[in-house]
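Visitor: Okay, so here is structure.pdb, and as you'll see once you scroll down, it has PDB, C-alpha atoms and all ligand atoms.
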ATOM      1  CA  MET B   6      15.756  22.760-103.790
ATOM      2  CA  ASN B   7      16.631  21.383-100.332
ATOM      3  CA  ILE B   8      14.599  18.695 -98.574
ATOM      4  CA  ILE B   9      14.619  16.666 -95.377
ATOM      5  CA  LEU B  10      13.723  12.986 -95.271
ATOM      6  CA  LEU B  11      12.122  12.285 -91.889
ATOM      7  CA  GLY B  12      11.256   8.939 -90.377
ATOM      8  CA  PRO B  13      12.368   6.324 -87.861
ATOM      9  CA  PRO B  14      15.319   3.984 -88.457
ATOM     10  CA  GLY B  15      14.513   1.556 -91.275
ATOM     11  CA  ALA B  16      11.868   3.816 -92.842
ATOM     12  CA  GLY B  17      13.793   3.901 -96.142
ATOM     13  CA  LYS B  18      15.425   7.345 -95.942
ATOM     14  CA  GLY B  19      18.803   6.162 -97.253
ATOM     15  CA  THR B  20      17.232   4.144-100.074
ATOM     16  CA  GLN B  21      15.117   7.075-101.255
ATOM     17  CA  ALA B  22      17.973   9.561-100.877
ATOM     18  CA  ALA B  23      20.103   7.392-103.194
ATOM     19  CA  LYS B  24      17.294   7.430-105.790
ATOM     20  CA  LEU B  25      17.111  11.230-105.671
ATOM     21  CA  VAL B  26      20.870  11.512-106.073
ATOM     22  CA  SER B  27      20.783   9.505-109.293
ATOM     23  CA  SER B  28      17.520  10.879-110.707
ATOM     24  CA  ARG B  29      17.935  14.561-109.819
ATOM     25  CA  GLY B  30      21.600  15.106-109.108
ATOM     26  CA  MET B  31      20.813  16.101-105.547
ATOM     27  CA  VAL B  32      23.487  15.859-102.838
ATOM     28  CA  GLN B  33      22.793  13.422 -99.992
ATOM     29  CA  LEU B  34      23.910  14.570 -96.563
ATOM     30  CA  SER B  35      23.616  11.654 -94.141
ATOM     31  CA  THR B  36      24.999  12.414 -90.696
ATOM     32  CA  GLY B  37      24.916   8.659 -89.936
ATOM     33  CA  ASP B  38      27.239   8.004 -92.918
ATOM     34  CA  MET B  39      29.504  10.896 -91.891
ATOM     35  CA  LEU B  40      29.762   9.573 -88.337
ATOM     36  CA  ARG B  41      30.485   6.027 -89.540
ATOM     37  CA  GLU B  42      33.182   7.453 -91.814
ATOM     38  CA  ALA B  43      34.741   9.314 -88.883
ATOM     39  CA  ARG B  44      34.847   6.037 -86.972
ATOM     40  CA  THR B  45      36.435   4.114 -89.825
ATOM     41  CA  SER B  46      39.111   6.740 -90.328
ATOM     42  CA  GLY B  47      39.724   6.696 -86.571
ATOM     43  CA  THR B  48      39.425  10.432 -85.889
ATOM     44  CA  GLU B  49      39.181  11.606 -82.294
ATOM     45  CA  MET B  50      35.541  12.505 -82.872
ATOM     46  CA  GLY B  51      34.898   9.075 -84.421
ATOM     47  CA  GLN B  52      36.266   7.364 -81.326
ATOM     48  CA  LYS B  53      34.222   9.600 -79.071
ATOM     49  CA  VAL B  54      30.903   8.748 -80.736
ATOM     50  CA  ALA B  55      31.444   4.999 -81.289
ATOM     51  CA  ALA B  56      29.921   3.694 -78.057
ATOM     52  CA  ILE B  57      27.011   6.139 -78.244
ATOM     53  CA  MET B  58      26.154   5.043 -81.790
ATOM     54  CA  ASP B  59      26.449   1.344 -81.011
ATOM     55  CA  ALA B  60      24.058   1.781 -78.096
ATOM     56  CA  GLY B  61      21.570   3.465 -80.450
ATOM     57  CA  GLU B  62      21.642   6.839 -78.698
ATOM     58  CA  LEU B  63      21.955  10.229 -80.386
ATOM     59  CA  VAL B  64      25.320  11.975 -80.475
ATOM     60  CA  THR B  65      25.408  15.629 -79.427
ATOM     61  CA  ASP B  66      23.828  18.376 -81.523
ATOM     62  CA  GLU B  67      27.163  20.189 -81.527
ATOM     63  CA  ILE B  68      28.929  17.324 -83.340
ATOM     64  CA  VAL B  69      26.314  16.745 -86.052
ATOM     65  CA  ILE B  70      25.688  20.445 -86.663
ATOM     66  CA  GLY B  71      29.465  20.865 -87.132
ATOM     67  CA  LEU B  72      29.486  18.049 -89.710
ATOM     68  CA  ILE B  73      26.574  19.524 -91.638
ATOM     69  CA  ARG B  74      28.045  23.033 -91.551
ATOM     70  CA  GLU B  75      31.233  21.749 -93.245
ATOM     71  CA  LYS B  76      29.283  19.943 -95.982
ATOM     72  CA  LEU B  77      27.074  22.927 -96.761
ATOM     73  CA  GLU B  78      30.184  24.749 -97.852
ATOM     74  CA  GLY B  79      30.681  22.142-100.602
ATOM     75  CA  ASP B  80      28.861  21.414-103.857
ATOM     76  CA  THR B  81      25.124  22.102-103.687
ATOM     77  CA  GLY B  82      24.359  20.090-106.864
ATOM     78  CA  GLY B  83      20.637  19.907-107.503
ATOM     79  CA  GLY B  84      19.958  20.695-103.850
ATOM     80  CA  PHE B  85      20.609  18.944-100.556
ATOM     81  CA  ILE B  86      18.791  15.924 -99.175
ATOM     82  CA  PHE B  87      19.116  15.883 -95.415
ATOM     83  CA  ASP B  88      18.982  12.215 -94.426
ATOM     84  CA  GLY B  89      18.949  11.465 -90.703
ATOM     85  CA  PHE B  90      19.403  15.160 -89.881
ATOM     86  CA  PRO B  91      17.908  17.069 -88.128
ATOM     87  CA  ARG B  92      16.984  14.675 -85.330
ATOM     88  CA  THR B  93      16.279  17.196 -82.559
ATOM     89  CA  LEU B  94      14.569  20.580 -82.400
ATOM     90  CA  GLY B  95      17.967  22.170 -81.688
ATOM     91  CA  GLN B  96      19.325  20.677 -84.906
ATOM     92  CA  ALA B  97      16.248  21.855 -86.825
ATOM     93  CA  ASP B  98      16.767  25.440 -85.631
ATOM     94  CA  ALA B  99      20.465  25.256 -86.484
ATOM     95  CA  LEU B 100      19.691  23.976 -89.992
ATOM     96  CA  GLU B 101      17.277  26.811 -90.620
ATOM     97  CA  GLN B 102      19.907  29.292 -89.502
ATOM     98  CA  LEU B 103      22.650  27.735 -91.645
ATOM     99  CA  LEU B 104      20.458  27.684 -94.741
ATOM    100  CA  SER B 105      19.292  31.237 -94.239
ATOM    101  CA  GLU B 106      22.919  32.397 -93.946
ATOM    102  CA  MET B 107      23.377  30.888 -97.428
ATOM    103  CA  GLY B 108      20.266  32.673 -98.702
ATOM    104  CA  GLN B 109      18.493  29.327 -98.979
ATOM    105  CA  GLY B 110      15.591  27.498 -97.385
ATOM    106  CA  LEU B 111      13.796  24.190 -97.263
ATOM    107  CA  ALA B 112      11.307  23.120 -99.914
ATOM    108  CA  ALA B 113       9.814  20.293 -97.825
ATOM    109  CA  ALA B 114      10.262  17.916 -94.914
ATOM    110  CA  ILE B 115       9.051  14.567 -96.235
ATOM    111  CA  GLU B 116       7.865  12.091 -93.635
ATOM    112  CA  LEU B 117       8.171   8.409 -94.560
ATOM    113  CA  ARG B 118       5.294   6.846 -92.616
ATOM    114  CA  VAL B 119       5.817   3.269 -91.445
ATOM    115  CA  ASN B 120       4.965   1.091 -88.453
ATOM    116  CA  ASP B 121       7.283  -0.434 -85.881
ATOM    117  CA  GLU B 122       6.861  -4.101 -86.884
ATOM    118  CA  VAL B 123       8.004  -3.308 -90.417
ATOM    119  CA  LEU B 124      11.019  -1.418 -89.109
ATOM    120  CA  VAL B 125      12.210  -4.331 -87.031
ATOM    121  CA  ASP B 126      11.841  -6.698 -90.025
ATOM    122  CA  ARG B 127      13.622  -4.310 -92.384
ATOM    123  CA  ILE B 128      16.531  -3.782 -90.043
ATOM    124  CA  VAL B 129      16.932  -7.479 -89.281
ATOM    125  CA  ASN B 130      16.869  -8.152 -93.053
ATOM    126  CA  ARG B 131      19.388  -5.372 -93.727
ATOM    127  CA  ALA B 132      21.772  -7.050 -91.265
ATOM    128  CA  LYS B 133      21.173 -10.518 -92.785
ATOM    129  CA  GLU B 134      21.728  -9.284 -96.350
ATOM    130  CA  ALA B 135      24.915  -7.468 -95.407
ATOM    131  CA  ALA B 136      26.235 -10.602 -93.687
ATOM    132  CA  ALA B 137      25.261 -12.818 -96.655
ATOM    133  CA  ASN B 138      27.076 -10.488 -99.082
ATOM    134  CA  GLY B 139      30.191 -10.397 -96.943
ATOM    135  CA  GLN B 140      29.585  -6.729 -96.102
ATOM    136  CA  PRO B 141      30.045  -5.349 -92.586
ATOM    137  CA  VAL B 142      26.912  -5.481 -90.447
ATOM    138  CA  ARG B 143      26.133  -2.205 -88.670
ATOM    139  CA  ALA B 144      26.906  -2.562 -84.979
ATOM    140  CA  ASP B 145      23.618  -0.841 -84.143
ATOM    141  CA  ASP B 146      21.481  -3.159 -86.313
ATOM    142  CA  ASN B 147      20.538  -5.471 -83.453
ATOM    143  CA  ALA B 148      17.385  -5.814 -81.358
ATOM    144  CA  GLU B 149      18.747  -4.052 -78.279
ATOM    145  CA  SER B 150      20.102  -0.956 -80.073
ATOM    146  CA  LEU B 151      17.033  -0.822 -82.249
ATOM    147  CA  LYS B 152      14.807  -0.464 -79.201
ATOM    148  CA  VAL B 153      16.903   2.500 -78.054
ATOM    149  CA  ARG B 154      16.975   4.006 -81.574
ATOM    150  CA  LEU B 155      13.196   3.829 -81.802
ATOM    151  CA  MET B 156      12.785   5.408 -78.367
ATOM    152  CA  GLU B 157      15.233   8.180 -79.304
ATOM    153  CA  TYR B 158      13.170   8.759 -82.442
ATOM    154  CA  TYR B 159       9.871   9.048 -80.555
ATOM    155  CA  LYS B 160      11.295  11.204 -77.760
ATOM    156  CA  LYS B 161      13.597  13.541 -79.671
ATOM    157  CA  THR B 162      12.891  13.390 -83.407
ATOM    158  CA  SER B 163       9.130  12.943 -83.737
ATOM    159  CA  PRO B 164       8.509  16.487 -82.344
ATOM    160  CA  LEU B 165       9.985  17.679 -85.647
ATOM    161  CA  LEU B 166       6.822  16.499 -87.378
ATOM    162  CA  GLY B 167       4.885  19.190 -85.507
ATOM    163  CA  TYR B 168       7.658  21.717 -86.055
ATOM    164  CA  TYR B 169       7.622  21.326 -89.841
ATOM    165  CA  HIS B 170       3.847  21.038 -89.950
ATOM    166  CA  ALA B 171       3.627  24.429 -88.228
ATOM    167  CA  LYS B 172       5.964  25.850 -90.858
ATOM    168  CA  GLY B 173       3.785  24.433 -93.653
ATOM    169  CA  LYS B 174       6.662  22.238 -94.850
ATOM    170  CA  LEU B 175       5.551  18.765 -93.761
ATOM    171  CA  LYS B 176       4.515  16.288 -96.478
ATOM    172  CA  ALA B 177       3.792  12.673 -95.604
ATOM    173  CA  VAL B 178       4.213   9.704 -97.931
ATOM    174  CA  ASP B 179       3.367   6.055 -97.301
ATOM    175  CA  GLY B 180       6.719   4.438 -96.495
ATOM    176  CA  LEU B 181       5.128   0.973 -96.483
ATOM    177  CA  ALA B 182       4.506   1.051-100.243
ATOM    178  CA  ASP B 183       6.954  -0.514-102.745
ATOM    179  CA  ILE B 184      10.254   1.315-103.190
ATOM    180  CA  GLY B 185       9.183   2.543-106.648
ATOM    181  CA  GLU B 186       5.855   3.825-105.370
ATOM    182  CA  VAL B 187       7.525   5.723-102.535
ATOM    183  CA  GLU B 188       9.931   7.164-105.099
ATOM    184  CA  SER B 189       7.014   8.405-107.245
ATOM    185  CA  ALA B 190       5.225   9.880-104.231
ATOM    186  CA  ILE B 191       8.384  11.797-103.294
ATOM    187  CA  ALA B 192       8.853  12.949-106.904
ATOM    188  CA  GLN B 193       5.319  14.311-106.815
ATOM    189  CA  VAL B 194       6.030  16.265-103.630
ATOM    190  CA  LEU B 195       9.175  17.741-105.170
ATOM    191  CA  ASP B 196       7.453  18.652-108.420
ATOM    192  CA  ASN B 197       4.719  20.466-106.471
ATOM    193  CA  SER B 198       7.077  22.308-104.108
TER     194      SER B 198
HETATM  195  P1  LIG B 201      21.627   6.567 -89.110
HETATM  196  O1  LIG B 201      22.594   5.984 -90.070
HETATM  197  O2  LIG B 201      20.988   7.806 -89.599
HETATM  198  O3  LIG B 201      20.631   5.542 -88.617
HETATM  199  O4  LIG B 201      22.475   7.018 -87.812
HETATM  200  C1  LIG B 201      23.211   6.069 -87.068
HETATM  201  C2  LIG B 201      23.550   6.647 -85.687
HETATM  202  O5  LIG B 201      24.364   7.821 -85.847
HETATM  203  C3  LIG B 201      22.363   7.119 -84.855
HETATM  204  O6  LIG B 201      21.743   6.055 -84.141
HETATM  205  C4  LIG B 201      23.044   8.128 -83.931
HETATM  206  O7  LIG B 201      23.811   7.477 -82.940
HETATM  207  C5  LIG B 201      24.013   8.806 -84.886
HETATM  208  N1  LIG B 201      23.393   9.947 -85.601
HETATM  209  C6  LIG B 201      23.178  10.053 -86.936
HETATM  210  N2  LIG B 201      22.609  11.226 -87.251
HETATM  211  C7  LIG B 201      22.441  11.892 -86.076
HETATM  212  C8  LIG B 201      21.883  13.147 -85.732
HETATM  213  N3  LIG B 201      21.377  13.984 -86.662
HETATM  214  N4  LIG B 201      21.880  13.502 -84.419
HETATM  215  C9  LIG B 201      22.393  12.698 -83.479
HETATM  216  N5  LIG B 201      22.907  11.476 -83.722
HETATM  217  C10 LIG B 201      22.947  11.069 -85.021
END
With the file now loaded, output its structure as structure tokens.

Guide:
Amino acid sequence: MNIILLGPPGAGKGTQAAKLVSSRGMVQLSTGDMLREARTSGTEMGQKVAAIMDAGELVTDEIVIGLIREKLEGDTGGGFIFDGFPRTLGQADALEQLLSEMGQGLAAAIELRVNDEVLVDRIVNRAKEAAANGQPVRADDNAESLKVRLMEYYKKTSPLLGYYHAKGKLKAVDGLADIGEVESAIAQVLDNS
């Protein structure tokens, strides 16, 4: 069973993906994590995307589709969780194509519904916690990049809500609820899909 977690930055996609990995043995595919890894290991692609990511803009479809294509060839586990991908209609079409080539499809696109004030608080807190624990703070977890990331979400990613609705795949859960409640709501979607 393959699913997409959809929602703006700070909606809780990564947190919920991690829960699904441990509870259901699903495989998390986060293009944000893959891109950060490419930067840390200093690949040519990593260097190319660094400034774009720090500014909060989206990297090209070609790059992220390439990353996802490679990972789909690996272990499918209990199904894939697409976290932070797709973020454009082009990426959504490419994902459908890639899955259909594997004889697979999507069970659901789960929207984590939140509001902007909460996102800003969550992201500021994420940065504070990382700093307090001596962990690296994401270069794009600052007010300026966040504004761009939110605008990118509304302009380029939010049309996916209509796209998946039209395909009968969109399920919304309240992303403002406690982490455990969101987890149960997602479990319910999966059990009914
Ligand atoms: P995330 O960790 O999902 O918030 O992603 C961090 C940054 O990586 C984004 O702000 C983009 O610059 C880039 N990125 C991650 N996933 C994608 C994607 N699917 N398409 C384009 N850019 C992406």

Visitor: Please identify every polymer residue within 10 Å of ligand LIG 201 (chain B), using only C-alpha atoms and all ligand atoms, and present the set as a ChimeraX atom specification.

Guide: /B:12-16,18-19,34-41,54-70,72-73,87-93,95-97,143-146,150-151,153-155,157-158,161-162

Visitor: Restricted to C-alpha atoms, what would the selected residues look like written as a PDB file, in the coordinates of the input?

Guide:
ATOM      1  CA  GLY B  12      11.256   8.939 -90.377  1.00  0.00           C
ATOM      2  CA  PRO B  13      12.368   6.324 -87.861  1.00  0.00           C
ATOM      3  CA  PRO B  14      15.319   3.984 -88.457  1.00  0.00           C
ATOM      4  CA  GLY B  15      14.513   1.556 -91.275  1.00  0.00           C
ATOM      5  CA  ALA B  16      11.868   3.816 -92.842  1.00  0.00           C
ATOM      6  CA  LYS B  18      15.425   7.345 -95.942  1.00  0.00           C
ATOM      7  CA  GLY B  19      18.803   6.162 -97.253  1.00  0.00           C
ATOM      8  CA  LEU B  34      23.910  14.570 -96.563  1.00  0.00           C
ATOM      9  CA  SER B  35      23.616  11.654 -94.141  1.00  0.00           C
ATOM     10  CA  THR B  36      24.999  12.414 -90.696  1.00  0.00           C
ATOM     11  CA  GLY B  37      24.916   8.659 -89.936  1.00  0.00           C
ATOM     12  CA  ASP B  38      27.239   8.004 -92.918  1.00  0.00           C
ATOM     13  CA  MET B  39      29.504  10.896 -91.891  1.00  0.00           C
ATOM     14  CA  LEU B  40      29.762   9.573 -88.337  1.00  0.00           C
ATOM     15  CA  ARG B  41      30.485   6.027 -89.540  1.00  0.00           C
ATOM     16  CA  VAL B  54      30.903   8.748 -80.736  1.00  0.00           C
ATOM     17  CA  ALA B  55      31.444   4.999 -81.289  1.00  0.00           C
ATOM     18  CA  ALA B  56      29.921   3.694 -78.057  1.00  0.00           C
ATOM     19  CA  ILE B  57      27.011   6.139 -78.244  1.00  0.00           C
ATOM     20  CA  MET B  58      26.154   5.043 -81.790  1.00  0.00           C
ATOM     21  CA  ASP B  59      26.449   1.344 -81.011  1.00  0.00           C
ATOM     22  CA  ALA B  60      24.058   1.781 -78.096  1.00  0.00           C
ATOM     23  CA  GLY B  61      21.570   3.465 -80.450  1.00  0.00           C
ATOM     24  CA  GLU B  62      21.642   6.839 -78.698  1.00  0.00           C
ATOM     25  CA  LEU B  63      21.955  10.229 -80.386  1.00  0.00           C
ATOM     26  CA  VAL B  64      25.320  11.975 -80.475  1.00  0.00           C
ATOM     27  CA  THR B  65      25.408  15.629 -79.427  1.00  0.00           C
ATOM     28  CA  ASP B  66      23.828  18.376 -81.523  1.00  0.00           C
ATOM     29  CA  GLU B  67      27.163  20.189 -81.527  1.00  0.00           C
ATOM     30  CA  ILE B  68      28.929  17.324 -83.340  1.00  0.00           C
ATOM     31  CA  VAL B  69      26.314  16.745 -86.052  1.00  0.00           C
ATOM     32  CA  ILE B  70      25.688  20.445 -86.663  1.00  0.00           C
ATOM     33  CA  LEU B  72      29.486  18.049 -89.710  1.00  0.00           C
ATOM     34  CA  ILE B  73      26.574  19.524 -91.638  1.00  0.00           C
ATOM     35  CA  PHE B  87      19.116  15.883 -95.415  1.00  0.00           C
ATOM     36  CA  ASP B  88      18.982  12.215 -94.426  1.00  0.00           C
ATOM     37  CA  GLY B  89      18.949  11.465 -90.703  1.00  0.00           C
ATOM     38  CA  PHE B  90      19.403  15.160 -89.881  1.00  0.00           C
ATOM     39  CA  PRO B  91      17.908  17.069 -88.128  1.00  0.00           C
ATOM     40  CA  ARG B  92      16.984  14.675 -85.330  1.00  0.00           C
ATOM     41  CA  THR B  93      16.279  17.196 -82.559  1.00  0.00           C
ATOM     42  CA  GLY B  95      17.967  22.170 -81.688  1.00  0.00           C
ATOM     43  CA  GLN B  96      19.325  20.677 -84.906  1.00  0.00           C
ATOM     44  CA  ALA B  97      16.248  21.855 -86.825  1.00  0.00           C
ATOM     45  CA  ARG B 143      26.133  -2.205 -88.670  1.00  0.00           C
ATOM     46  CA  ALA B 144      26.906  -2.562 -84.979  1.00  0.00           C
ATOM     47  CA  ASP B 145      23.618  -0.841 -84.143  1.00  0.00           C
ATOM     48  CA  ASP B 146      21.481  -3.159 -86.313  1.00  0.00           C
ATOM     49  CA  SER B 150      20.102  -0.956 -80.073  1.00  0.00           C
ATOM     50  CA  LEU B 151      17.033  -0.822 -82.249  1.00  0.00           C
ATOM     51  CA  VAL B 153      16.903   2.500 -78.054  1.00  0.00           C
ATOM     52  CA  ARG B 154      16.975   4.006 -81.574  1.00  0.00           C
ATOM     53  CA  LEU B 155      13.196   3.829 -81.802  1.00  0.00           C
ATOM     54  CA  GLU B 157      15.233   8.180 -79.304  1.00  0.00           C
ATOM     55  CA  TYR B 158      13.170   8.759 -82.442  1.00  0.00           C
ATOM     56  CA  LYS B 161      13.597  13.541 -79.671  1.00  0.00           C
ATOM     57  CA  THR B 162      12.891  13.390 -83.407  1.00  0.00           C
TER      58      THR B 162
END

Visitor: Just give me the gap between CA of Ala22 (chain B) and CA of Leu10 (chain B) in Å, one decimal is fine.

Guide: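 CA of Ala22 (chain B) sits 7.8 Å away from CA of Leu10 (chain B).
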
Visitor: Excluding Gln109 (chain B) and its own-chain neighbours fewer than 4 positions away, which residues fall within 9 Å of it when counting all atoms listed in the file? Please give them as a list in words.

Guide: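 That gives Met6, Asn7, Glu101, Leu103, Leu104 and Ser105 of chain B.
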
Visitor: Which residue, B:Leu124, B:Ala43, B:Lys53, B:Ser28, has the smallest gap to Lys152 (chain B) when you use only C-alpha atoms?

Guide: B:Leu124

Visitor: Residues of region 35-147 of chain B that approach region 167-182 of chain B to 8 Å or less, counting all atoms listed in the file: could you list each one with the shortest pair of atoms and its distance in Å to one decimal, rows by chain and increasing residue number, as CSV?

Guide:
residue,atom,partner,partner_atom,distance
B:Leu94,CA,B:Tyr168,CA,7.9
B:Leu111,CA,B:Lys174,CA,7.8
B:Ala112,CA,B:Lys174,CA,6.9
B:Ala113,CA,B:Lys174,CA,4.8
B:Ala114,CA,B:Leu175,CA,4.9
B:Ile115,CA,B:Lys176,CA,4.9
B:Glu116,CA,B:Ala177,CA,4.6
B:Leu117,CA,B:Gly180,CA,4.6
B:Arg118,CA,B:Gly180,CA,4.8
B:Val119,CA,B:Gly180,CA,5.3
B:Val123,CA,B:Leu181,CA,8.0

Visitor: For CA of Gln33 (chain B) and CA of Phe85 (chain B), determine how far apart the two atoms are, in Å to one decimal place.

Guide: 6.0 Å

Visitor: For the atom pair CA of Leu195 (chain B) and CA of Ser27 (chain B), what is the interatomic distance in Å to one decimal place?

Guide: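 A separation of 14.8 Å between them.
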
Visitor: For Ile8 (chain B), which of B:Asp121, B:Gly47, B:Lys24, B:Ser198 is the closest residue, counting all atoms listed in the file?

Guide: B:Ser198

Visitor: So, counting only C-alpha atoms, which residue among B:Glu188, B:Met107, B:Ala132, B:Leu165 is closest to Val26 (chain B)?

Guide: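 Of B:Glu188, B:Met107, B:Ala132, B:Leu165, the one nearest Val26 (chain B) is B:Glu188, counting only C-alpha atoms.
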